[in-house]
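Shown here: target.cif, mmCIF, C-alpha atoms.
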```cif
data_target
loop_
_atom_site.group_PDB
_atom_site.id
_atom_site.type_symbol
_atom_site.label_atom_id
_atom_site.label_comp_id
_atom_site.auth_asym_id
_atom_site.auth_seq_id
_atom_site.Cartn_x
_atom_site.Cartn_y
_atom_site.Cartn_z
ATOM 1 C CA LEU A 97 55.348 141.752 81.294
ATOM 2 C CA VAL A 98 54.609 143.766 78.170
ATOM 3 C CA ASP A 99 55.932 144.106 74.622
ATOM 4 C CA TRP A 100 54.550 146.191 71.755
ATOM 5 C CA SER A 101 54.936 144.676 68.285
ATOM 6 C CA SER A 102 55.739 146.347 64.970
ATOM 7 C CA THR A 103 52.208 145.370 63.879
ATOM 8 C CA ASN A 104 50.680 147.393 66.760
ATOM 9 C CA ALA A 105 49.749 144.481 69.019
ATOM 10 C CA LEU A 106 50.524 144.519 72.717
ATOM 11 C CA ALA A 107 51.444 141.253 74.451
ATOM 12 C CA VAL A 108 50.787 141.177 78.200
ATOM 13 C CA GLY A 109 52.021 138.257 80.273
ATOM 14 C CA LEU A 110 50.107 137.379 83.442
ATOM 15 C CA GLU A 111 50.278 134.365 85.718
ATOM 16 C CA ASP A 112 47.414 132.612 83.950
ATOM 17 C CA GLY A 113 48.464 133.294 80.365
ATOM 18 C CA VAL A 114 49.361 135.772 77.651
ATOM 19 C CA TYR A 115 46.861 138.356 76.440
ATOM 20 C CA LEU A 116 47.117 140.212 73.125
ATOM 21 C CA TRP A 117 45.617 143.688 72.797
ATOM 22 C CA SER A 118 45.229 145.232 69.354
ATOM 23 C CA ALA A 119 45.937 148.958 69.406
ATOM 24 C CA CYS A 120 44.004 149.231 66.139
ATOM 25 C CA THR A 121 40.761 147.527 67.219
ATOM 26 C CA SER A 122 41.114 147.454 71.056
ATOM 27 C CA LYS A 123 40.278 143.744 70.871
ATOM 28 C CA VAL A 124 41.746 141.546 73.620
ATOM 29 C CA THR A 125 42.572 137.909 72.892
ATOM 30 C CA LYS A 126 43.983 135.322 75.259
ATOM 31 C CA ILE A 127 46.347 132.684 73.946
ATOM 32 C CA GLN A 128 44.468 129.525 74.877
ATOM 33 C CA ASP A 129 47.077 126.952 75.790
ATOM 34 C CA SER A 130 46.359 125.265 79.103
ATOM 35 C CA HIS A 131 49.187 122.745 78.792
ATOM 36 C CA THR A 132 52.037 125.193 78.352
ATOM 37 C CA PHE A 133 50.985 127.673 81.025
ATOM 38 C CA LEU A 134 51.218 125.278 83.924
ATOM 39 C CA ASN A 135 54.411 127.234 84.588
ATOM 40 C CA ASP A 136 54.354 130.947 85.323
ATOM 41 C CA ILE A 137 55.277 133.348 82.541
ATOM 42 C CA ALA A 138 58.569 135.189 83.057
ATOM 43 C CA SER A 139 59.041 137.188 79.810
ATOM 44 C CA VAL A 140 57.430 138.050 76.471
ATOM 45 C CA GLY A 141 58.979 139.421 73.285
ATOM 46 C CA TRP A 142 57.831 139.976 69.703
ATOM 47 C CA SER A 143 60.004 139.222 66.701
ATOM 48 C CA PRO A 144 61.006 142.304 64.655
ATOM 49 C CA ARG A 145 58.311 141.685 62.039
ATOM 50 C CA GLY A 146 55.666 140.902 64.656
ATOM 51 C CA LYS A 147 54.943 137.453 63.244
ATOM 52 C CA GLU A 148 56.222 135.410 66.204
ATOM 53 C CA LEU A 149 55.913 135.867 69.940
ATOM 54 C CA ALA A 150 58.480 134.391 72.318
ATOM 55 C CA VAL A 151 57.340 133.550 75.838
ATOM 56 C CA GLY A 152 59.864 132.655 78.514
ATOM 57 C CA ILE A 153 58.543 130.554 81.390
ATOM 58 C CA THR A 154 59.788 129.639 84.833
ATOM 59 C CA ASN A 155 60.788 126.042 84.050
ATOM 60 C CA GLY A 156 63.451 127.323 81.621
ATOM 61 C CA ASP A 157 61.651 126.792 78.319
ATOM 62 C CA VAL A 158 60.968 129.375 75.614
ATOM 63 C CA LEU A 159 57.696 129.039 73.720
ATOM 64 C CA ILE A 160 57.260 130.407 70.197
ATOM 65 C CA TYR A 161 53.747 131.311 69.046
ATOM 66 C CA ASP A 162 52.520 132.192 65.587
ATOM 67 C CA ALA A 163 50.927 135.648 65.816
ATOM 68 C CA ALA A 164 48.311 134.915 63.155
ATOM 69 C CA THR A 165 47.041 131.577 64.477
ATOM 70 C CA LEU A 166 48.053 132.004 68.160
ATOM 71 C CA LYS A 167 49.284 128.416 68.026
ATOM 72 C CA LEU A 168 52.445 127.077 69.646
ATOM 73 C CA VAL A 169 54.984 126.336 66.887
ATOM 74 C CA ARG A 170 58.195 125.641 68.873
ATOM 75 C CA ARG A 171 59.145 124.764 72.419
ATOM 76 C CA LEU A 172 62.814 125.457 73.051
ATOM 77 C CA GLY A 173 64.781 124.072 75.989
ATOM 78 C CA GLY A 174 68.330 124.553 77.194
ATOM 79 C CA HIS A 175 67.944 126.613 80.364
ATOM 80 C CA ALA A 176 67.901 125.138 83.865
ATOM 81 C CA SER A 177 65.715 127.853 85.372
ATOM 82 C CA ARG A 178 63.303 130.662 84.548
ATOM 83 C CA VAL A 179 63.787 132.738 81.404
ATOM 84 C CA GLY A 180 63.404 136.311 82.626
ATOM 85 C CA CYS A 181 64.277 138.112 79.391
ATOM 86 C CA VAL A 182 64.232 137.555 75.640
ATOM 87 C CA ALA A 183 65.635 139.701 72.821
ATOM 88 C CA TRP A 184 65.287 139.308 69.058
ATOM 89 C CA ASN A 185 67.309 140.487 66.121
ATOM 90 C CA SER A 186 66.461 139.747 62.488
ATOM 91 C CA SER A 187 67.930 136.234 62.592
ATOM 92 C CA LEU A 188 68.372 135.215 66.244
ATOM 93 C CA LEU A 189 66.337 134.983 69.415
ATOM 94 C CA SER A 190 68.386 135.356 72.592
ATOM 95 C CA SER A 191 67.116 134.258 75.993
ATOM 96 C CA GLY A 192 68.551 135.035 79.417
ATOM 97 C CA SER A 193 67.924 132.891 82.454
ATOM 98 C CA ARG A 194 68.285 132.632 86.195
ATOM 99 C CA ASP A 195 70.898 129.955 85.464
ATOM 100 C CA GLY A 196 73.246 132.800 84.409
ATOM 101 C CA ASN A 197 73.428 131.770 80.746
ATOM 102 C CA ILE A 198 72.317 133.379 77.501
ATOM 103 C CA LEU A 199 71.242 131.100 74.668
ATOM 104 C CA ASN A 200 71.173 132.281 71.056
ATOM 105 C CA ARG A 201 68.550 130.489 69.003
ATOM 106 C CA ASP A 202 68.037 130.342 65.250
ATOM 107 C CA LEU A 203 64.490 129.251 64.484
ATOM 108 C CA ARG A 204 65.613 128.031 61.063
ATOM 109 C CA CYS A 205 67.661 125.306 62.796
ATOM 110 C CA GLN A 206 66.391 122.141 64.443
ATOM 111 C CA GLU A 207 68.637 122.581 67.470
ATOM 112 C CA ASP A 208 67.208 124.370 70.503
ATOM 113 C CA TYR A 209 70.131 126.818 70.449
ATOM 114 C CA VAL A 210 73.172 127.555 68.320
ATOM 115 C CA SER A 211 75.442 129.154 70.945
ATOM 116 C CA LYS A 212 75.700 129.640 74.711
ATOM 117 C CA LEU A 213 77.095 132.785 76.333
ATOM 118 C CA SER A 214 78.368 132.317 79.880
ATOM 119 C CA GLY A 215 79.738 135.395 81.616
ATOM 120 C CA HIS A 216 77.304 136.224 84.391
ATOM 121 C CA GLU A 217 77.427 134.705 87.854
ATOM 122 C CA GLN A 218 73.756 135.290 88.656
ATOM 123 C CA GLU A 219 70.430 135.714 86.877
ATOM 124 C CA ILE A 220 70.259 137.587 83.563
ATOM 125 C CA CYS A 221 67.713 140.370 84.043
ATOM 126 C CA GLY A 222 68.359 142.591 80.989
ATOM 127 C CA LEU A 223 69.057 141.756 77.353
ATOM 128 C CA LYS A 224 69.114 144.011 74.253
ATOM 129 C CA TRP A 225 70.503 143.748 70.716
ATOM 130 C CA SER A 226 72.106 146.832 69.200
ATOM 131 C CA PRO A 227 70.316 148.496 66.246
ATOM 132 C CA HIS A 228 73.016 147.225 63.882
ATOM 133 C CA GLU A 229 72.619 143.712 65.360
ATOM 134 C CA ASN A 230 76.371 143.240 65.806
ATOM 135 C CA GLU A 231 76.358 143.587 69.597
ATOM 136 C CA LEU A 232 74.286 142.138 72.432
ATOM 137 C CA ALA A 233 74.209 143.801 75.849
ATOM 138 C CA SER A 234 73.302 141.801 78.948
ATOM 139 C CA GLY A 235 72.711 142.886 82.529
ATOM 140 C CA GLY A 236 72.664 140.646 85.557
ATOM 141 C CA ASN A 237 71.853 140.373 89.228
ATOM 142 C CA ASP A 238 75.631 140.163 89.687
ATOM 143 C CA ASN A 239 75.699 143.932 88.917
ATOM 144 C CA LYS A 240 77.581 143.305 85.673
ATOM 145 C CA LEU A 241 76.909 144.794 82.256
ATOM 146 C CA LEU A 242 78.430 142.682 79.473
ATOM 147 C CA VAL A 243 78.707 143.412 75.756
ATOM 148 C CA TRP A 244 78.953 140.486 73.345
ATOM 149 C CA ASP A 245 79.974 140.318 69.700
ATOM 150 C CA THR A 246 77.795 138.177 67.433
ATOM 151 C CA ASN A 247 80.756 136.036 66.396
ATOM 152 C CA LYS A 248 82.203 135.356 69.857
ATOM 153 C CA THR A 249 81.129 133.428 72.957
ATOM 154 C CA THR A 250 83.206 135.524 75.367
ATOM 155 C CA PRO A 251 82.255 139.131 76.191
ATOM 156 C CA CYS A 252 84.021 141.971 74.409
ATOM 157 C CA PHE A 253 83.571 144.244 77.420
ATOM 158 C CA GLU A 254 82.669 143.781 81.064
ATOM 159 C CA PHE A 255 81.515 146.836 82.984
ATOM 160 C CA ASN A 256 81.393 146.603 86.784
ATOM 161 C CA GLN A 257 80.567 150.170 87.807
ATOM 162 C CA HIS A 258 76.965 149.474 88.836
ATOM 163 C CA ILE A 259 76.511 148.424 92.471
ATOM 164 C CA ALA A 260 73.079 146.826 92.014
ATOM 165 C CA ALA A 261 71.327 144.610 89.462
ATOM 166 C CA VAL A 262 71.299 145.850 85.864
ATOM 167 C CA LYS A 263 67.834 145.322 84.386
ATOM 168 C CA ALA A 264 67.490 148.536 82.365
ATOM 169 C CA ILE A 265 69.382 148.552 79.048
ATOM 170 C CA THR A 266 68.908 150.542 75.839
ATOM 171 C CA TRP A 267 70.968 151.269 72.715
ATOM 172 C CA SER A 268 70.975 154.613 70.963
ATOM 173 C CA PRO A 269 69.486 154.441 67.456
ATOM 174 C CA HIS A 270 71.238 157.740 66.663
ATOM 175 C CA GLN A 271 74.874 156.944 67.455
ATOM 176 C CA ARG A 272 76.625 153.661 66.812
ATOM 177 C CA GLY A 273 78.064 152.007 69.906
ATOM 178 C CA LEU A 274 76.231 154.202 72.421
ATOM 179 C CA LEU A 275 74.676 152.144 75.214
ATOM 180 C CA ALA A 276 72.814 153.179 78.369
ATOM 181 C CA SER A 277 72.208 151.085 81.480
ATOM 182 C CA GLY A 278 70.412 151.612 84.771
ATOM 183 C CA GLY A 279 71.067 150.147 88.217
ATOM 184 C CA GLY A 280 68.767 148.905 90.938
ATOM 185 C CA THR A 281 67.878 150.250 94.365
ATOM 186 C CA ALA A 282 71.398 150.347 95.820
ATOM 187 C CA ASP A 283 72.757 152.032 92.667
ATOM 188 C CA ARG A 284 70.139 154.421 91.234
ATOM 189 C CA THR A 285 72.371 155.597 88.381
ATOM 190 C CA ILE A 286 72.033 155.707 84.604
ATOM 191 C CA ARG A 287 75.385 155.152 82.926
ATOM 192 C CA PHE A 288 76.374 155.715 79.305
ATOM 193 C CA TRP A 289 78.969 153.619 77.513
ATOM 194 C CA ASN A 290 80.977 153.709 74.289
ATOM 195 C CA THR A 291 81.088 150.094 73.131
ATOM 196 C CA LEU A 292 83.432 150.936 70.252
ATOM 197 C CA LYS A 293 86.155 151.851 72.740
ATOM 198 C CA GLY A 294 84.897 150.074 75.849
ATOM 199 C CA ASN A 295 84.661 153.016 78.233
ATOM 200 C CA GLN A 296 82.079 154.883 80.320
ATOM 201 C CA ILE A 297 81.288 158.325 78.928
ATOM 202 C CA ASN A 298 78.776 159.665 81.450
ATOM 203 C CA CYS A 299 76.802 158.896 84.600
ATOM 204 C CA ILE A 300 73.781 160.572 86.180
ATOM 205 C CA GLN A 301 72.126 159.997 89.543
ATOM 206 C CA ALA A 302 68.473 159.126 88.898
ATOM 207 C CA GLY A 303 67.428 159.224 92.554
ATOM 208 C CA SER A 304 65.621 155.886 92.591
ATOM 209 C CA GLN A 305 65.777 152.347 91.265
ATOM 210 C CA VAL A 306 66.030 152.311 87.453
ATOM 211 C CA CYS A 307 63.636 149.636 86.172
ATOM 212 C CA ASN A 308 63.658 150.303 82.407
ATOM 213 C CA LEU A 309 65.257 152.451 79.732
ATOM 214 C CA ALA A 310 64.192 153.091 76.138
ATOM 215 C CA TRP A 311 65.748 155.433 73.576
ATOM 216 C CA SER A 312 63.433 157.292 71.211
ATOM 217 C CA ALA A 313 63.982 156.555 67.535
ATOM 218 C CA ASN A 314 62.306 159.850 66.570
ATOM 219 C CA VAL A 315 64.311 162.292 68.672
ATOM 220 C CA ASN A 316 67.531 162.109 70.712
ATOM 221 C CA GLU A 317 65.815 161.520 74.041
ATOM 222 C CA LEU A 318 65.362 158.522 76.287
ATOM 223 C CA VAL A 319 62.795 157.492 78.868
ATOM 224 C CA SER A 320 63.451 155.808 82.201
ATOM 225 C CA THR A 321 60.991 154.179 84.600
ATOM 226 C CA HIS A 322 61.588 153.936 88.315
ATOM 227 C CA GLY A 323 60.695 152.332 91.614
ATOM 228 C CA TYR A 324 60.683 153.530 95.202
ATOM 229 C CA SER A 325 59.859 156.125 96.239
ATOM 230 C CA GLN A 326 58.080 158.060 93.479
ATOM 231 C CA ASN A 327 57.501 155.286 90.906
ATOM 232 C CA GLN A 328 58.073 157.946 88.273
ATOM 233 C CA ILE A 329 58.712 158.057 84.530
ATOM 234 C CA ILE A 330 61.363 160.517 83.324
ATOM 235 C CA VAL A 331 62.158 161.727 79.804
ATOM 236 C CA TRP A 332 65.788 162.827 79.380
ATOM 237 C CA ARG A 333 67.272 164.942 76.606
ATOM 238 C CA TYR A 334 70.590 163.597 75.283
ATOM 239 C CA PRO A 335 73.457 164.496 75.462
ATOM 240 C CA LYS A 336 72.648 167.279 77.949
ATOM 241 C CA LEU A 337 70.883 164.745 80.203
ATOM 242 C CA SER A 338 68.420 167.403 81.286
ATOM 243 C CA LYS A 339 64.961 166.315 82.401
ATOM 244 C CA VAL A 340 62.317 167.046 79.798
ATOM 245 C CA VAL A 341 59.424 165.918 81.977
ATOM 246 C CA MET A 342 58.686 163.708 84.981
ATOM 247 C CA LEU A 343 55.434 161.768 85.012
ATOM 248 C CA THR A 344 53.732 160.053 87.930
ATOM 249 C CA GLY A 345 50.625 157.935 88.218
ATOM 250 C CA HIS A 346 51.656 154.395 89.122
ATOM 251 C CA THR A 347 51.405 153.550 92.816
ATOM 252 C CA THR A 348 54.112 150.860 92.755
ATOM 253 C CA ARG A 349 57.425 150.535 90.898
ATOM 254 C CA VAL A 350 57.176 150.747 87.115
ATOM 255 C CA LEU A 351 58.622 147.369 86.215
ATOM 256 C CA TYR A 352 57.650 147.176 82.543
ATOM 257 C CA LEU A 353 58.025 149.448 79.547
ATOM 258 C CA SER A 354 57.544 149.155 75.811
ATOM 259 C CA VAL A 355 57.503 151.660 72.940
ATOM 260 C CA SER A 356 54.826 151.840 70.247
ATOM 261 C CA PRO A 357 55.783 151.096 66.619
ATOM 262 C CA SER A 358 55.341 154.792 65.741
ATOM 263 C CA GLY A 359 57.810 155.687 68.497
ATOM 264 C CA GLU A 360 55.461 158.350 69.878
ATOM 265 C CA SER A 361 53.846 156.456 72.752
ATOM 266 C CA ILE A 362 54.954 154.144 75.520
ATOM 267 C CA VAL A 363 53.096 151.668 77.673
ATOM 268 C CA THR A 364 54.122 151.099 81.274
ATOM 269 C CA GLY A 365 53.135 148.348 83.659
ATOM 270 C CA ALA A 366 53.487 148.081 87.408
ATOM 271 C CA GLY A 367 52.533 145.997 90.399
ATOM 272 C CA ASP A 368 49.425 148.158 90.812
ATOM 273 C CA GLU A 369 47.874 145.926 88.106
ATOM 274 C CA THR A 370 47.410 148.695 85.559
ATOM 275 C CA LEU A 371 48.846 149.493 82.177
ATOM 276 C CA ARG A 372 49.224 153.175 81.386
ATOM 277 C CA PHE A 373 49.704 154.718 77.959
ATOM 278 C CA TRP A 374 51.660 157.938 77.541
ATOM 279 C CA ASN A 375 52.361 160.096 74.489
ATOM 280 C CA ILE A 376 55.855 161.396 75.220
ATOM 281 C CA PHE A 377 57.840 161.570 71.978
ATOM 282 C CA PRO A 378 57.258 163.515 68.732
ATOM 283 C CA GLY A 379 56.369 161.828 65.485
ATOM 284 C CA VAL A 380 59.008 161.118 62.873
ATOM 285 C CA SER A 381 58.253 164.239 60.821
ATOM 286 C CA SER A 382 57.165 166.452 63.709
ATOM 287 C CA GLY A 383 59.424 169.122 65.091
ATOM 288 C CA VAL A 384 57.424 169.454 68.300
ATOM 289 C CA SER A 385 57.483 166.938 71.119
ATOM 290 C CA SER A 386 54.096 165.732 72.310
ATOM 291 C CA TYR A 387 55.047 166.566 75.901
ATOM 292 C CA GLU A 388 54.608 170.234 74.915
ATOM 293 C CA ASN A 389 50.882 169.561 74.774
ATOM 294 C CA PRO A 390 49.861 169.018 78.420
ATOM 295 C CA SER A 391 46.672 167.209 77.463
ATOM 296 C CA LEU A 392 48.682 164.399 75.921
ATOM 297 C CA LEU A 393 50.489 163.733 79.172
ATOM 298 C CA SER A 394 47.377 162.565 80.963
ATOM 299 C CA PRO A 395 47.677 158.759 81.098
ATOM 300 C CA ASN A 396 44.907 156.505 79.901
ATOM 301 C CA ARG A 397 44.412 153.869 82.570
ATOM 302 C CA LEU A 398 43.745 150.317 81.432
ATOM 303 C CA SER A 399 43.109 147.639 84.055
ATOM 304 C CA ILE A 400 44.678 144.304 83.152
ATOM 305 C CA ARG A 401 42.717 142.261 85.671
#
```
Translate this structure into structure tokens?
Amino acid sequence: LVDWSSTNALAVGLEDGVYLWSACTSKVTKIQDSHTFLNDIASVGWSPRGKELAVGITNGDVLIYDAATLKLVRRLGGHASRVGCVAWNSSLLSSGSRDGNILNRDLRCQEDYVSKLSGHEQEICGLKWSPHENELASGGNDNKLLVWDTNKTTPCFEFNQHIAAVKAITWSPHQRGLLASGGGTADRTIRFWNTLKGNQINCIQAGSQVCNLAWSANVNELVSTHGYSQNQIIVWRYPKLSKVVMLTGHTTRVLYLSVSPSGESIVTGAGDETLRFWNIFPGVSSGVSSYENPSLLSPNRLSIR
């Protein structure tokens, strides 16, 4: 469980707690909170400004920590089971649970949540707000991909083309209403959707389980991470959908992915108990992708246990 904040801090969720790694100082700090971590951690997510960290746990609660003091400031209920994904926009925190519901929470309000979205029949395993914050995409173990409008509690669109769980979701920062999703082991596809019209616009066979997707903000490319059998990381050029590079190194499926605040690097995590850092995208002002320098593609291996 990893998430990289806008302030360049990496949150890593393990069974015994949450660890924060500063990319600036390389200092590692554990959030010391023995009472709240009696339950296993199921998700972590930074707020857009990097001032709050949301932690979803297996009993259905969401914990909010102050990034400066590392103290618990809110404990939010409402779910009946584990909270496997969280997603922030500038005003709301959304949480998705094994109970099949999504709860939208406004930390300015006393209530635990301000709206409930019920459209999935099984666990929510993917959740992402669009860059313009007017749409929320959710993926479930029921193989559904749903798109929600901020002002409605019923989905605007329901896509049923995937034939396995939809955990991997990413929005394009370059084109409004362009959404990508990836399916699990029985599916192995990456599909592209137009959420302005509600239709599929493309589909590619990835060859293995799609665990994560992330669109580069610096260049029109996206990265996917995969499971069996190669546990690979692939950078795709859009809209051609040609492979820019395929990277290997993890020995088990690459379950976790987060992008650095500069947009140039990613961190990946897997069941092999390592985090790996890769420079795969160009800088904002650069015209040359970092993958063109082979030395930058060598991962730095960081053991998390």
Pick out the closest residue to Leu159 in chain A from this set: A:Asp368, A:Glu231, A:Asp208, A:Asp99. Count only C-alpha atoms.
A:Asp208
Apply the PyMOL selection byres ((chain A and resi 312-315) around 6) to the file shown and report the selected residues as an MDAnalysis selection string.
chainID A and resid 269 311 316:318 380
Produce the centre coordinates and the three edge lengths, each in Å to one decimal, of the box along x, y and z that contains all listed atoms of range 172-190 of chain A with 6 Å added on each side, as JSON.
```
{"center_x": 65.6, "center_y": 132.3, "center_z": 73.9, "size_x": 17.6, "size_y": 28.4, "size_z": 34.9}
```
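You can rank A:Thr344, A:Ser187, A:Asn298, A:Ser143 by their closest distance to Asp202 in chain A using all atoms listed in the file, and at the top of that list sits A:Ser187.
Using all atoms listed in the file, the smallest distance between any of A:Gln326, A:Thr154, A:Asn197, A:Thr121 and Ile137 in chain A comes from A:Thr154.
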Got a sec: who's within 7 Å of range 211-221 of chain A, counting all atoms listed in the file, leaving out chain neighbours fewer than 5 positions off, as a ChimeraX atom specification?
/A:180-181,192-200,234-238,249-250,262-263
Just checking: using all atoms listed in the file, which residue out of A:Ile127, A:Val158, A:Ala310, A:Leu337 ends up closest to Ser354 in chain A?
A:Ala310
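Each of A:Pro227, A:Gly273, A:Pro335, A:Gly379 was checked against Pro144 in chain A using all atoms listed in the file; the smallest atom-to-atom distance is that of A:Pro227.
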Which value, in Å to one decimal, gives the distance between CA of Trp142 in chain A and CA of Gln328 in chain A?
25.8 Å
